[in-house]
$ cat protein13.cif   # mmCIF, C-alpha atoms
data_entry
loop_
_atom_site.label_atom_id
_atom_site.label_comp_id
_atom_site.auth_asym_id
_atom_site.auth_seq_id
_atom_site.Cartn_x
_atom_site.Cartn_y
_atom_site.Cartn_z
CA MET A 3 106.69 82.01 135.94
CA VAL A 4 107.39 84.70 133.31
CA LEU A 5 103.82 86.01 133.49
CA GLN A 6 104.10 86.24 137.24
CA TRP A 7 107.35 88.19 136.95
CA ALA A 8 105.84 90.51 134.32
CA GLY A 9 102.98 91.50 136.58
CA GLN A 10 100.45 88.71 136.08
CA GLY A 11 100.45 89.19 132.31
CA ILE A 12 99.09 92.72 132.44
CA PRO A 13 100.67 94.70 129.64
CA SER A 14 102.60 97.71 130.80
CA PRO A 15 101.70 101.06 129.25
CA VAL A 16 103.67 102.08 126.20
CA ARG A 17 106.58 104.29 127.22
CA PRO A 18 106.59 107.66 125.49
CA ILE A 19 109.06 108.10 122.67
CA CYS A 20 110.25 111.68 123.02
CA ASP A 21 113.68 111.39 121.42
CA LEU A 22 113.65 113.58 118.31
CA ARG A 23 116.54 111.57 116.86
CA VAL A 24 113.95 108.97 115.81
CA LEU A 25 112.17 111.64 113.77
CA ASP A 26 115.48 112.96 112.44
CA HIS A 27 116.29 109.47 111.16
CA PHE A 28 112.94 109.29 109.32
CA ILE A 29 113.55 112.74 107.82
CA MET A 30 117.01 111.66 106.66
CA GLU A 31 115.54 108.56 104.99
CA ALA A 32 112.91 110.68 103.23
CA ARG A 33 115.65 113.00 101.98
CA ASP A 34 117.64 110.00 100.77
CA THR A 35 114.56 108.91 98.80
CA GLU A 36 114.28 112.40 97.31
CA THR A 37 117.96 112.25 96.31
CA ALA A 38 117.53 108.81 94.76
CA LEU A 39 114.56 110.10 92.77
CA ARG A 40 116.68 112.87 91.25
CA GLY A 41 119.13 110.22 90.04
CA CYS A 42 116.46 107.82 88.81
CA LYS A 43 116.54 107.30 85.06
CA ALA A 44 113.65 104.92 84.38
CA GLY A 45 110.57 103.54 86.08
CA CYS A 46 110.18 106.45 88.50
CA GLY A 47 107.32 108.33 86.92
CA VAL A 48 103.89 108.31 88.48
CA THR A 49 100.56 109.40 87.12
CA GLY A 50 97.65 110.79 89.02
CA THR A 51 97.16 113.25 91.82
CA PHE A 52 97.60 112.69 95.51
CA VAL A 53 95.93 114.45 98.41
CA VAL A 54 98.49 115.59 100.96
CA PRO A 55 98.38 117.71 104.10
CA LEU A 56 99.36 121.35 104.09
CA THR A 57 102.75 121.76 105.70
CA ASN A 58 102.74 125.44 106.59
CA VAL A 59 102.38 126.23 110.28
CA ASP A 60 100.79 129.42 111.57
CA PHE A 61 102.40 129.41 115.01
CA LEU A 62 99.71 131.62 116.55
CA VAL A 63 96.99 129.21 115.43
CA TRP A 64 99.08 126.11 116.21
CA GLU A 65 99.76 127.23 119.76
CA THR A 66 96.05 127.80 120.38
CA LYS A 67 95.49 124.14 119.52
CA ASP A 68 96.31 122.81 122.96
CA VAL A 69 98.17 119.48 122.78
CA SER A 70 96.17 118.09 125.68
CA THR A 71 92.91 118.59 123.76
CA CYS A 72 94.39 116.52 120.92
CA LEU A 73 93.69 118.95 118.05
CA GLN A 74 97.35 119.09 117.07
CA ALA A 75 97.66 115.31 117.34
CA VAL A 76 94.56 114.72 115.21
CA GLU A 77 95.93 117.08 112.57
CA VAL A 78 99.28 115.28 112.55
CA GLN A 79 97.69 111.84 112.59
CA SER A 80 95.40 112.77 109.69
CA GLY A 81 98.34 114.18 107.74
CA LEU A 82 100.38 111.04 108.31
CA SER A 83 97.44 108.97 107.12
CA LEU A 84 97.19 111.00 103.91
CA LEU A 85 100.93 110.69 103.30
CA GLY A 86 100.82 106.94 103.95
CA GLN A 87 97.98 106.51 101.45
CA ALA A 88 99.76 108.61 98.83
CA LEU A 89 103.05 106.75 99.29
CA GLY A 90 101.19 103.44 99.08
CA ALA A 91 99.59 104.43 95.79
CA VAL A 92 102.93 105.63 94.42
CA GLY A 93 104.71 102.45 95.49
CA GLU A 94 102.23 100.35 93.52
CA SER A 95 102.74 102.37 90.34
CA LEU A 96 106.55 102.46 90.28
CA SER A 97 108.42 99.96 88.15
CA ASN A 98 111.87 100.83 89.54
CA ALA A 99 112.61 98.27 92.28
CA VAL A 100 115.00 100.53 94.19
CA MET A 101 112.50 103.37 94.32
CA GLN A 102 109.73 100.95 95.30
CA SER A 103 111.85 99.78 98.22
CA LEU A 104 112.61 103.33 99.33
CA ILE A 105 108.94 104.33 99.13
CA THR A 106 107.93 101.22 101.08
CA ASN A 107 110.46 102.15 103.75
CA ASN A 108 109.04 105.68 104.00
CA LYS A 109 105.54 104.26 104.34
CA SER A 110 106.79 101.98 107.12
CA ASN A 111 108.31 105.01 108.84
CA ILE A 112 104.90 106.70 108.75
CA ARG A 113 103.37 103.67 110.48
CA SER A 114 106.15 103.87 113.07
CA LEU A 115 105.37 107.54 113.64
CA GLY A 116 101.78 106.51 114.31
CA GLN A 117 103.15 104.26 117.07
CA VAL A 118 105.23 107.16 118.38
CA LEU A 119 102.10 109.35 118.50
CA HIS A 120 100.29 106.61 120.37
CA SER A 121 103.14 106.43 122.88
CA LEU A 122 102.62 110.09 123.81
CA HIS A 123 99.32 109.19 125.52
CA ILE A 124 97.48 112.17 124.03
CA LYS A 125 93.75 111.81 124.56
CA GLY A 126 91.98 111.04 121.29
CA VAL A 127 95.00 109.58 119.48
CA SER A 128 94.25 106.11 118.27
CA ILE A 129 96.78 103.48 117.34
CA HIS A 130 94.67 103.06 114.21
CA ALA A 131 95.03 105.65 111.49
CA ALA A 132 92.83 108.70 111.61
CA PRO A 133 90.38 109.19 108.79
CA ALA A 134 92.29 110.59 105.85
CA GLY A 135 91.99 114.33 105.76
CA GLY A 136 89.92 114.52 108.93
CA GLY A 137 91.28 117.39 110.97
CA THR A 138 93.80 118.76 108.50
CA ALA A 139 93.81 121.10 105.51
CA THR A 140 94.90 119.46 102.27
CA ARG A 141 96.13 120.12 98.77
CA LYS A 142 96.85 117.98 95.72
CA VAL A 143 100.20 117.13 94.19
CA SER A 144 100.85 115.35 90.93
CA SER A 145 104.49 114.28 91.06
CA LEU A 146 106.61 112.08 93.27
CA SER A 147 109.08 114.89 93.89
CA GLU A 148 106.25 117.13 95.17
CA LEU A 149 104.95 114.31 97.36
CA LEU A 150 108.38 113.70 98.88
CA SER A 151 108.87 117.41 99.48
CA VAL A 152 105.54 117.61 101.34
CA HIS A 153 106.44 114.46 103.28
CA ILE A 154 109.77 115.92 104.44
CA ASN A 155 108.30 119.32 105.29
CA PHE A 156 105.42 117.75 107.23
CA LEU A 157 107.87 115.72 109.32
CA ARG A 158 110.14 118.72 109.87
CA GLY A 159 107.23 120.98 110.77
CA LYS A 160 104.04 119.72 112.35
CA VAL A 161 105.29 116.30 113.47
CA ARG A 162 108.40 117.83 115.09
CA LEU A 163 106.34 120.52 116.84
CA LEU A 164 103.93 117.94 118.23
CA LEU A 165 106.66 115.65 119.52
CA LYS A 166 108.71 118.50 120.94
CA ASN A 167 105.76 120.03 122.81
CA ALA A 168 103.90 116.91 123.95
CA PRO A 169 103.22 117.21 127.69
CA VAL A 170 104.64 113.76 128.47
CA CYS A 171 107.89 114.75 126.75
CA GLN A 172 108.06 118.02 128.67
CA GLN A 173 107.88 116.07 131.93
CA SER A 174 110.74 113.77 130.99
CA SER A 175 113.11 116.50 129.84
CA PRO A 176 115.67 117.79 132.37
#
$ encode --input "protein13.cif" --output "structure tokens"
Amino acid sequence: MVLQWAGQGIPSPVRPICDLRVLDHFIMEARDTETALRGCKAGCGVTGTFVVPLTNVDFLVWETKDVSTCLQAVEVQSGLSLLGQALGAVGESLSNAVMQSLITNNKSNIRSLGQVLHSLHIKGVSIHAAPAGGGTATRKVSSLSELLSVHINFLRGKVRLLLKNAPVCQQSSP
């Protein structure tokens, strides 16, 4: 009976998530993690280097990367993949339980952003993570504070631009 009501069990397409308040919430949580790190006294140090995406945006170049051809989306997806890998590595090396929890939450938010990207129905965007670094310029950081700064700036910059300018979101705005 339920399957019949739901359209013979055929899954409906994922509705686009165009509300930037979702992204703003993730940015706020990343900032809260950054604030908690500044107050952390023990068990918050990490060793090693982490590959992260560049966060600067050359608007002339960015705008030539047409959203419908997926170049912007691939760059964002690759950057999110790099950040997720870096946060995962950091989370495993922290001994402070509070910071571990905050980092795990940020990594979960990155996975959620992958779902948001998928919901935009941009050709070439996979629900599975893009190959790390494929399609985006990178740099290395060696501290958790640098990593969190890159994470926040990437969300505020390239992710916001992609979500704001996605064709499906332009259609649904008044």
$ residues_around --input "protein13.cif" --residues "Val59 (chain A)" --least-positions-apart "4" --cutoff "8 Å" --atoms "only C-alpha atoms" --output "PyMOL selection string"
chain A and resi 64+159-160
$ resolve_selection --input "protein13.cif" --expression "the PyMOL selection byres ((chain A and resi 94-97) around 12)" --output "list in words"
Leu39, Cys42, Lys43, Ala44, Gly45, Cys46, Gly47, Val48, Thr49, Gly50, Gln87, Ala88, Leu89, Gly90, Ala91, Val92, Gly93, Asn98, Ala99, Val100, Met101, Gln102, Ser103, Leu104, Ile105, Thr106, Lys109 and Leu146 of chain A
$ closest_residue --input "protein13.cif" --among "A:Val143, A:Leu122, A:Val63, A:Leu150" --to "Asp21 (chain A)" --atoms "all atoms listed in the file"
A:Leu122
$ resolve_selection --input "protein13.cif" --expression "the PyMOL selection byres ((chain A and resi 113-118) around 9)" --output "compact mmCIF listing (two decimals) with C-alpha atoms, in the frame of the given file"
# COMPACT_ATOMS: atom_id res chain seq x y z
CA PRO A 18 106.59 107.66 125.49
CA ILE A 19 109.06 108.10 122.67
CA CYS A 20 110.25 111.68 123.02
CA VAL A 24 113.95 108.97 115.81
CA LEU A 25 112.17 111.64 113.77
CA PHE A 28 112.94 109.29 109.32
CA GLN A 79 97.69 111.84 112.59
CA LEU A 82 100.38 111.04 108.31
CA SER A 83 97.44 108.97 107.12
CA GLY A 86 100.82 106.94 103.95
CA ASN A 108 109.04 105.68 104.00
CA LYS A 109 105.54 104.26 104.34
CA SER A 110 106.79 101.98 107.12
CA ASN A 111 108.31 105.01 108.84
CA ILE A 112 104.90 106.70 108.75
CA LEU A 119 102.10 109.35 118.50
CA HIS A 120 100.29 106.61 120.37
CA SER A 121 103.14 106.43 122.88
CA LEU A 122 102.62 110.09 123.81
CA SER A 128 94.25 106.11 118.27
CA ILE A 129 96.78 103.48 117.34
CA HIS A 130 94.67 103.06 114.21
CA ALA A 131 95.03 105.65 111.49
CA VAL A 161 105.29 116.30 113.47
CA LEU A 165 106.66 115.65 119.52
$ residues_around --input "protein13.cif" --residues "Ala32 (chain A)" --least-positions-apart "2" --cutoff "8 Å" --atoms "all atoms listed in the file" --output "PyMOL selection string"
chain A and resi 28-30+34-36+108+150+153-154
$ write_last_selection --input "protein13.cif" --atoms "C-alpha atoms" --output "PDB file, in the frame of the given file"
ATOM      1  CA  PHE A  28     112.940 109.290 109.320  1.00  0.00           C
ATOM      2  CA  ILE A  29     113.550 112.740 107.820  1.00  0.00           C
ATOM      3  CA  MET A  30     117.010 111.660 106.660  1.00  0.00           C
ATOM      4  CA  ASP A  34     117.640 110.000 100.770  1.00  0.00           C
ATOM      5  CA  THR A  35     114.560 108.910  98.800  1.00  0.00           C
ATOM      6  CA  GLU A  36     114.280 112.400  97.310  1.00  0.00           C
ATOM      7  CA  ASN A 108     109.040 105.680 104.000  1.00  0.00           C
ATOM      8  CA  LEU A 150     108.380 113.700  98.880  1.00  0.00           C
ATOM      9  CA  HIS A 153     106.440 114.460 103.280  1.00  0.00           C
ATOM     10  CA  ILE A 154     109.770 115.920 104.440  1.00  0.00           C
TER      11      ILE A 154
END
$ atom_distance --input "protein13.cif" --atom1 "CA of Thr138 (chain A)" --atom2 "CA of Asn155 (chain A)"
14.9 Å
$ atom_distance --input "protein13.cif" --atom1 "CA of Lys142 (chain A)" --atom2 "CA of Leu62 (chain A)"
25.1 Å
$ residues_around --input "protein13.cif" --residues "Gly81 (chain A)" --least-positions-apart "3" --cutoff "8 Å" --atoms "all atoms listed in the file" --output "VMD selection string"
chain A and resid 54 to 55 77 to 78 84 to 85 134 to 135 138 156
$ closest_residue --input "protein13.cif" --among "A:Leu73, A:Arg162, A:Val152, A:Ala168" --to "Leu22 (chain A)" --atoms "only C-alpha atoms"
A:Arg162
$ residues_around --input "protein13.cif" --residues "Asn167 (chain A)" --least-positions-apart "3" --cutoff "10 Å" --atoms "all atoms listed in the file" --output "list in words"
Cys20, Glu65, Asp68, Val69, Arg162, Leu163, Leu164, Val170, Cys171 and Gln172 of chain A
$ atom_distance --input "protein13.cif" --atom1 "CA of Arg33 (chain A)" --atom2 "CA of Arg158 (chain A)"
11.2 Å
$ closest_residue --input "protein13.cif" --among "A:Gly41, A:Asn58, A:Leu157, A:Ile124" --to "Gln74 (chain A)" --atoms "all atoms listed in the file"
A:Ile124
$ closest_residue --input "protein13.cif" --among "A:Ser80, A:Thr66, A:Arg23, A:Arg40" --to "Ala139 (chain A)" --atoms "all atoms listed in the file"
A:Ser80
$ closest_residue --input "protein13.cif" --among "A:Asp26, A:Phe61, A:His123, A:Thr140" --to "Pro169 (chain A)" --atoms "only C-alpha atoms"
A:His123
